[in-house]
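What follows is a single structure, written as structure tokens, with notes after it.
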Amino acid sequence: MAERYPFPDLNTLPEDIRARILEVQDKAGFIPNVFLAFARRPAEWRAFFAYHDALMLKEEGSLTKGEREMIVTATSAANQCLYCVVAHGAILRIYEKNPLVADQVAVNHRKADIPPRQKAMLDFAMKVCLRAHEIEDADFEALYPHGFDDEDIWDIAAITAFFGLSNRMASFAGMQPNPEFYLMGRLPREKKPAA
């Protein structure tokens, strides 16, 4: 299945968006399709990536970058979003330096080889994803013994909710994962020979 909405020409985009996309391309070696797909609407692109960065790149709180990606991977699988499971699963494998974790978390986080802290975090994220209207004080209480405070719990819920939007946009638009994402983090990187 191909994307339903053609990607805009990179050279026609506003300078701030084009610069960010080129920066990502320089770092990753390719342009993740989500950057081009959303660029067709510059105001929405800016809002989307501002909130993405506020959630995923923040320094405060006890959630690691890997745990943030774990939330995205598990809840995106529950939402059946191919793009986000593949793309964020790749990032998760890299952050956790574990080629198995993304597949395990996407299929069944309770059977994944992850610590109890992360299982509790994903239990909460999945409840927010699938049954947010049922969240109660007991759900918060279950997270406190694992070192999460109320701000961390907000982050878990916000990441889940934000990517719920992302999952739905990617799915309805037919957004496909870049082929590069499928192999990222699965095999150790080849060491470059010393000069």
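Ligands are numbered from 1 in the order shown, residues from 1 within each chain, and chains are lettered A, B, ... in the order they appear in the structure tokens.
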Contacts of stretch 155-168 of chain A within 8 Å, only C-alpha atoms, excl. fewer than 3 positions in-chain, as a ChimeraX atom specification:
/A:52,55-56,68,71-72,75-76,79-81,83-84,121,124-125,128-129,151-152,171-172
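Nearest to A:Asp150 of all the residues A:Arg117, A:Asp103, A:Pro177, A:Gly61 is A:Gly61, counting only C-alpha atoms.
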Proximity to A:Asn98 - best of A:Leu187, A:Ala77, A:Val85, A:Met126, only C-alpha atoms
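Using only C-alpha atoms, the shortest distance to A:Asn98 belongs to A:Leu187.
In this model, the gap between atom CA of A:Arg4 and atom CA of A:Ala173 comes to 5.3 Å.
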Any idea what the distance is between atom CA of A:Ala170 and atom CA of A:Phe35?
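About the pair atom CA of A:Ala170 and atom CA of A:Phe35: they are 11.3 Å apart.
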List every residue of chain A that DSSP, applied to the backbone of this structure, places in alpha helix (DSSP H), and write the result as number ranges by chain.
A: 15-28, 33-38, 42-56, 65-78, 82-96, 101-108, 116-131, 137-141, 150-173, 179-183
Taking only C-alpha atoms into account, name the residue in A:Ala28, A:Gln118, A:Ala43, A:Thr73 that is nearest to A:Ala87.
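Residue with the minimum atom-to-atom distance to A:Ala87: A:Thr73.
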Just the residues within 8 Å of A:Arg186, please, counting only C-alpha atoms, with nothing from its chain fewer than 2 positions along; format it as a list of chain:residue names.
A:Arg93, A:Asn98, A:Pro99, A:Leu100, A:Leu183, A:Met184, A:Pro188
Can you spit out the residues from that selection as a tab-separated table (two decimals), in the first residue's frame, using C-alpha atoms?
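After the write, result34.tsv holds the following:
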chain	number	residue	atom	x	y	z
A	93	ARG	CA	16.32	-1.25	19.88
A	98	ASN	CA	18.74	-4.87	22.60
A	99	PRO	CA	17.73	-6.35	19.23
A	100	LEU	CA	14.82	-8.32	20.76
A	183	LEU	CA	17.08	-3.41	10.21
A	184	MET	CA	18.16	-0.63	12.57
A	188	PRO	CA	25.76	-4.75	15.99
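Atom CA of A:Asp9 lies 17.0 Å from atom CA of A:Glu44.
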